[in-house]
Amino acid sequence: MNKQPKASACAATPRENNARKRGSTTYRFALAILMSNLAMAGHGQESENKKEEIFELSPFEVNSSNDSGYVAENTLSGTRLNTAVKDLATTMSILTEQFWDDTAASSVNDMLIYTPGAERSDTQFGGGNARSQFWGDNTIFRGVQVENIVRNQFRSNIPSDTYNASRFEISRGPNAVLFGVTREPAGLVNRTTKDATFSNSNEAEIRIDEHGSLRASIGLNRVLIEDVLSARIDLLSDEQDHWIEPGFQDQRRIYSAINYTPNDKLSVKFRTEHMTWDRAAVDPSVGSDRVSAWIAAGRPGVDISASEDIPAESYPSGTARMTSVNQVAFVNDGSGRMINLRNFAQGDITRLINGSAASLPLEFAPLDFNFFGTAGSQYFSGRNYQGVVQYRASEKVNLEFAYNDEFMLYDFIAAGNSNLFVDANTTLDDGITENPHFGDYFALATPSFRLKQDRYLRGARLSGSVRHDFAENDRFAWLGKHDFVAMLEQNTDEFYWDVLRLIPEGTAAADESATLGRVITYVDLENKELSGPTWSRDFQSMLNSVPGNNYSWQNGINGSGITNNRTEIDSALFVWQGRFWDDRIVPTLGWRQDEIYQYSTSPAPDTGGEEVRFTAREIGYAIDTLNSGAKPNTANQGIVFHAIENAGPIDHFSLFFNRADSFAASNFNLRPDNSTLPAKTGETEDFGFRFGLMDGKISGVFTIFDMDVKNSTASVSWRPVWFALDDLFGAVGINEYHDIAQVSDTQDLKSEGWEFQLTGNITRNWRIMFGVDHYKTFDSNVVPVTLDLIDEYGPTFQSNAAVIVPDREEEITVGELYDQMLTDLALQLAQVGGYKNNERQYKSTLLTSYSFSDGAMKGISFGGNAIWRDKPATGFAFREDPELGLVVDADNPFFGEDSFNVGLHASYERKILKDSVDWKVQLNINNIGDEDPFVTRHTVAASAPTTPIVQTYSRGNPQTLVLTNTFRW
């Protein structure tokens, strides 16, 4: 990869500098705690390291201290009880602390790629950061995108991190007991956070990388009353500088836990976390080309004023008019100017058959430079409280009460885009004054889409378990052993979502497009410099620095864009697991009933024709009669047969089968007609075998799966169609279908394939994890509401074909946008039941590490990882139809290239400070040799319908060095 040297020209904004100052304070605080604890490390070592007294664990918890290397033998993610993995018919990957230590991973997003059937979900269609997903954890299981991230078995919106984690359990496939109405049939990730323990321990970690990132964490565990009361605190300051500058992601977190165990029957635990998260999102794709045509035409100039009436055909070849209507923009070059974009001349696009622009050539702009700067921003702020009371009523009966209360503020400003423009105006908008920026490249930020969401999650559950072993009576020993779990649970998910635009105070709805606070920032690609600050949270003050301006972030008129939702779910659950024939046959049955009440956005109050900008709280929500009152029953049935046990090196060889149905309440997305998505239902079957070898040193599982989902959320690849449809409705005045936040639709989906995973501690020093998987998805009944709306309103769009569509990056009529949307629609429909864009059907991963425990190399460890993914389909050729003209040729897809990534890690560990502290230094080299840019979307030009043209490149990823220092005492 031609990665450019890191430049200092992209100056930090005042907001970024403040974040760095806060980070410095955090580091000093963490360092002070670290030094004081290191100073005391040698004092009272014998008493402080007293071995923790062993209490029998509650069946509702798993102790991660029993994990060894990459191997974890027990889990809650099967029956809600502590159960041996080998006795479950579910397929899962349990990621241990050793795993994320070796990989230097810090979140689920970093770890998913190593697990079969799972990977991180990234935007694939090149819409820029304005189309990127901003959520903290993005997951795909078996080809299905899900948001199933739970925290200690409760739903959570707080992004995952390893600083306070004890393990991550990635379950794939059916389990109605866990999924219920709020889960997908494809899988989920349960992250277990650290509890306070009854032994003093401390850990500090500092991590840096070659891009300037700095991550510091410290965890302190203290016994306050021996064997009765303990507490821990974990602090994190993580400042990640993205390799694509000036992107960054900063987070501050504090986590605490208390463990009160007055006797061997009662345990009370409390956990809390507070966090903030700032992010300047980057576009992972190479920008769209709006300059090459201008260069090829000889760099022509235009001297037309904003007041002239000039037809678009008057512009010279290689140029295009941005808009023919009055629209203002702030020139971000220190001049403090506002200009009128009417008749503004820009470079023309290299137009593809779907109306989109082709990608910039790879060599045109530095790959490690985000030319729209920090215009796309994200802010999270939130907290989580959890409490757990566990009581052992007898040797056979256990009770648990658990409570969860979480609040998250999401604040997204999607003002950046992936287009690189060129200023083709020889004069300013008066048509007289010389333009100092003629021929300069620029980025246009359009702050029409700020999402602010208050989101609440509250849950409580009461669980009871009973265990009975008929072997206690020889006469009935054949009846086996049995575990029963009953649970009552109540969950509430509530959110208020404002959709804001940066416009002047008092703006009428009809004037919003003309007065929207657009920002033009000029770009020096050679020096990677921007003409001014681009932090989108400062756009309001930038615009208001111009005399007479009074901009603010405002909601739409009369509730436009607002989305509110409240979902209440009361659940009852019952699980039985039996063990027969000397524990060789292990059946599991689960049943769950949920009662759902759902509330959606209320109609806006009657304003008597007056334009009022309501907030989401003022609008509130009302009962959703369509989706309320449902009482779905879901169930799962599984069985494990240990066909071989304790036969030489074979610990066990087992066959399993599992099936489950699922029911998921609709989420906050809305269909293009502003209606709520219907509930999602599904059915999945898994079967296969698992084995254990060499006294638990090696374990493996092979699974064949078949999954069917009705009303699944349609792929994000449909967004170009939905966004175009939204703009068309706005242009022709059908406002009830315009400005819908988080628009989506449904599809029926089938996924089938197989997975294999092997995990082992082959020797005391050698650990390994290997996986390979294959899946293919088939969709049907795709986006029915979208298709109905296009059929119904197509004549309306055609009859208004000459109307200019507002708020677009180039002048375009309703007729032109409608034709482009139909081409995108055809490309999407071509994939139905066939090849899916960017679906890589095969993947193989390997992670291994070896540690020397004695001899001259004592304390040294080294290892590596390798990830291979096969080539994806990236688009389709077109063919000539005698009646319809050019149509998509679904039988002739274009393909990208397969990918292969390799990494290495090496570490050295020894005792320091009079043997009181374990110090470890580790170097990780990721993406050795660079991951080169690769094509994510091909399309064609009308003049050459069978020749692929790159619409979107991914920038790839460079080789990166990561250095970690860890101290434990």
# chains A, B, ... in the order shown; residues from 1 in each chain; ligands from 1

$ select_by_dssp --residues "region 795-912 of chain A" --states "strand (DSSP E)" --output "ChimeraX atom specification"
/A:842-851,860-869,873-881,885-895,899-912

$ select_by_dssp --residues "region 500-716 of chain A" --states "alpha helix (DSSP H)" --output "PyMOL selection string"
chain A and resi 512-515+539-544+616-619

$ residues_around --residues "Lys631 (chain A)" --least-positions-apart "3" --cutoff "12 Å" --atoms "only C-alpha atoms" --output "short mmCIF file (atom, residue, chain, number, x, y, z; two decimals) with N, CA, C and O atoms, in the first residue's frame"
data_model
loop_
_atom_site.label_atom_id
_atom_site.label_comp_id
_atom_site.auth_asym_id
_atom_site.auth_seq_id
_atom_site.Cartn_x
_atom_site.Cartn_y
_atom_site.Cartn_z
N GLY A 180 -35.48 -15.47 22.76
CA GLY A 180 -36.79 -14.94 23.06
C GLY A 180 -37.28 -13.99 21.98
O GLY A 180 -37.00 -14.14 20.81
N VAL A 181 -38.03 -12.97 22.39
CA VAL A 181 -38.58 -12.03 21.42
C VAL A 181 -37.60 -10.95 21.05
O VAL A 181 -37.82 -10.18 20.13
N ILE A 569 -41.83 -6.11 27.52
CA ILE A 569 -41.91 -7.55 27.32
C ILE A 569 -41.89 -8.26 28.67
O ILE A 569 -40.96 -8.11 29.45
N ASP A 570 -42.95 -9.00 28.93
CA ASP A 570 -43.02 -9.85 30.12
C ASP A 570 -42.83 -11.30 29.67
O ASP A 570 -43.53 -11.77 28.76
N SER A 571 -41.89 -11.99 30.30
CA SER A 571 -41.50 -13.31 29.81
C SER A 571 -41.56 -14.35 30.92
O SER A 571 -41.29 -14.04 32.10
N ALA A 572 -41.92 -15.56 30.53
CA ALA A 572 -41.83 -16.72 31.41
C ALA A 572 -41.04 -17.79 30.67
O ALA A 572 -41.24 -18.02 29.47
N ARG A 592 -40.52 -20.83 26.17
CA ARG A 592 -40.58 -19.44 26.60
C ARG A 592 -41.84 -18.80 26.04
O ARG A 592 -42.18 -19.00 24.87
N GLN A 593 -42.52 -18.02 26.87
CA GLN A 593 -43.66 -17.23 26.40
C GLN A 593 -43.42 -15.77 26.74
O GLN A 593 -42.98 -15.45 27.85
N ASP A 594 -43.69 -14.91 25.77
CA ASP A 594 -43.49 -13.48 25.96
C ASP A 594 -44.79 -12.76 25.66
O ASP A 594 -45.49 -13.09 24.70
N GLU A 595 -45.08 -11.77 26.47
CA GLU A 595 -46.22 -10.90 26.21
C GLU A 595 -45.67 -9.51 25.89
O GLU A 595 -44.91 -8.94 26.68
N ILE A 596 -46.05 -8.98 24.73
CA ILE A 596 -45.42 -7.77 24.19
C ILE A 596 -46.42 -6.63 24.12
O ILE A 596 -47.55 -6.80 23.62
N TYR A 597 -45.99 -5.49 24.59
CA TYR A 597 -46.74 -4.24 24.39
C TYR A 597 -45.78 -3.23 23.80
O TYR A 597 -44.72 -2.96 24.36
N ASN A 627 -48.77 -4.19 16.83
CA ASN A 627 -47.73 -5.05 17.38
C ASN A 627 -47.86 -5.27 18.88
O ASN A 627 -46.96 -5.85 19.50
N SER A 628 -48.93 -4.84 19.50
CA SER A 628 -49.11 -5.02 20.94
C SER A 628 -50.07 -6.16 21.24
O SER A 628 -50.96 -6.48 20.45
N THR A 634 -42.06 -19.60 22.06
CA THR A 634 -40.89 -20.12 21.36
C THR A 634 -40.33 -21.28 22.16
O THR A 634 -40.49 -21.36 23.38
N PHE A 663 -38.93 -15.42 17.88
CA PHE A 663 -39.87 -14.32 17.64
C PHE A 663 -39.20 -13.06 18.14
O PHE A 663 -38.78 -12.98 19.30
N ALA A 664 -39.04 -12.06 17.27
CA ALA A 664 -38.38 -10.83 17.67
C ALA A 664 -39.33 -9.66 17.45
O ALA A 664 -39.86 -9.47 16.35
N ALA A 665 -39.55 -8.89 18.52
CA ALA A 665 -40.37 -7.69 18.39
C ALA A 665 -39.71 -6.73 17.42
O ALA A 665 -38.48 -6.68 17.29
N ALA A 679 -43.12 -7.97 13.33
CA ALA A 679 -42.31 -8.87 14.14
C ALA A 679 -41.60 -9.88 13.24
O ALA A 679 -42.08 -10.28 12.18
#

$ residues_around --residues "region 736-743 of chain A" --least-positions-apart "3" --cutoff "8 Å" --atoms "only C-alpha atoms" --output "ChimeraX atom specification"
/A:499,560-563,668-674,722,726-727,729-730

$ residues_around --residues "region 468-476 of chain A" --least-positions-apart "6" --cutoff "7 Å" --atoms "only C-alpha atoms" --output "number ranges by chain"
A: 396, 482-483

$ write_last_selection --atoms "N, CA, C and O atoms" --output "compact mmCIF listing (two decimals), in the first residue's frame"
# COMPACT_ATOMS: atom_id res chain seq x y z
N LYS A 396 -29.96 -28.50 46.53
CA LYS A 396 -30.59 -28.74 45.23
C LYS A 396 -31.35 -27.54 44.69
O LYS A 396 -31.72 -27.54 43.51
N HIS A 482 -31.25 -34.57 36.65
CA HIS A 482 -32.11 -33.56 36.02
C HIS A 482 -31.86 -32.18 36.62
O HIS A 482 -31.70 -32.04 37.84
N ASP A 483 -31.83 -31.19 35.72
CA ASP A 483 -31.78 -29.78 36.13
C ASP A 483 -33.00 -29.09 35.56
O ASP A 483 -33.33 -29.24 34.38

$ residues_around --residues "Gln841 (chain A)" --least-positions-apart "6" --cutoff "7 Å" --atoms "only C-alpha atoms" --output "ChimeraX atom specification"
/A:774-776,870

$ write_last_selection --atoms "all heavy atoms" --output "compact mmCIF listing (two decimals), in the first residue's frame"
# COMPACT_ATOMS: atom_id res chain seq x y z
N HIS A 774 -18.43 -22.03 5.96
CA HIS A 774 -19.05 -21.76 4.66
C HIS A 774 -20.52 -21.47 4.91
O HIS A 774 -21.19 -22.15 5.68
CB HIS A 774 -18.92 -22.95 3.72
CG HIS A 774 -19.88 -22.89 2.55
ND1 HIS A 774 -19.78 -21.94 1.55
CD2 HIS A 774 -20.97 -23.63 2.24
CE1 HIS A 774 -20.75 -22.11 0.67
NE2 HIS A 774 -21.48 -23.13 1.07
N TYR A 775 -21.04 -20.41 4.27
CA TYR A 775 -22.47 -20.16 4.31
C TYR A 775 -22.89 -19.49 3.02
O TYR A 775 -22.09 -18.87 2.32
CB TYR A 775 -22.87 -19.31 5.52
CG TYR A 775 -22.40 -17.87 5.44
CD1 TYR A 775 -23.12 -16.91 4.73
CD2 TYR A 775 -21.24 -17.46 6.10
CE1 TYR A 775 -22.70 -15.60 4.65
CE2 TYR A 775 -20.81 -16.16 6.02
CZ TYR A 775 -21.55 -15.22 5.30
OH TYR A 775 -21.12 -13.93 5.21
N LYS A 776 -24.17 -19.58 2.73
CA LYS A 776 -24.77 -18.86 1.62
C LYS A 776 -26.17 -18.45 2.03
O LYS A 776 -26.90 -19.23 2.64
CB LYS A 776 -24.82 -19.72 0.35
CG LYS A 776 -25.42 -18.97 -0.85
CD LYS A 776 -25.24 -19.72 -2.14
CE LYS A 776 -25.91 -19.01 -3.30
NZ LYS A 776 -25.53 -17.60 -3.43
N ASP A 870 -12.68 -15.89 0.89
CA ASP A 870 -12.72 -16.09 -0.55
C ASP A 870 -13.28 -14.85 -1.26
O ASP A 870 -13.72 -13.89 -0.64
CB ASP A 870 -13.53 -17.34 -0.90
CG ASP A 870 -15.03 -17.12 -0.83
OD1 ASP A 870 -15.46 -16.27 -0.03
OD2 ASP A 870 -15.78 -17.80 -1.56

$ residues_around --residues "Ile206 (chain A)" --least-positions-apart "6" --cutoff "6 Å" --atoms "only C-alpha atoms" --output "ChimeraX atom specification"
/A:215-216,964-965

$ write_last_selection --atoms "N, CA, C and O atoms" --output "PDB file, in the first residue's frame"
ATOM      1  N   ARG A 215      -3.615   3.870  24.720  1.00  0.00           N
ATOM      2  CA  ARG A 215      -4.657   3.241  25.531  1.00  0.00           C
ATOM      3  C   ARG A 215      -4.062   2.882  26.880  1.00  0.00           C
ATOM      4  O   ARG A 215      -3.009   2.234  26.952  1.00  0.00           O
ATOM      5  N   ALA A 216      -4.713   3.316  27.954  1.00  0.00           N
ATOM      6  CA  ALA A 216      -4.239   3.018  29.304  1.00  0.00           C
ATOM      7  C   ALA A 216      -5.408   2.525  30.147  1.00  0.00           C
ATOM      8  O   ALA A 216      -6.497   3.112  30.125  1.00  0.00           O
ATOM      9  N   THR A 964       2.389  -3.290  23.730  1.00  0.00           N
ATOM     10  CA  THR A 964       1.626  -3.341  24.972  1.00  0.00           C
ATOM     11  C   THR A 964       2.540  -3.672  26.133  1.00  0.00           C
ATOM     12  O   THR A 964       3.329  -4.625  26.063  1.00  0.00           O
ATOM     13  N   ASN A 965       2.431  -2.897  27.205  1.00  0.00           N
ATOM     14  CA  ASN A 965       3.104  -3.193  28.469  1.00  0.00           C
ATOM     15  C   ASN A 965       2.045  -3.482  29.523  1.00  0.00           C
ATOM     16  O   ASN A 965       1.114  -2.684  29.710  1.00  0.00           O
TER      17      ASN A 965
END

$ closest_residue --among "A:Glu568, A:Glu210, A:Asp430, A:Asp773" --to "Arg840 (chain A)" --atoms "only C-alpha atoms"
A:Asp773
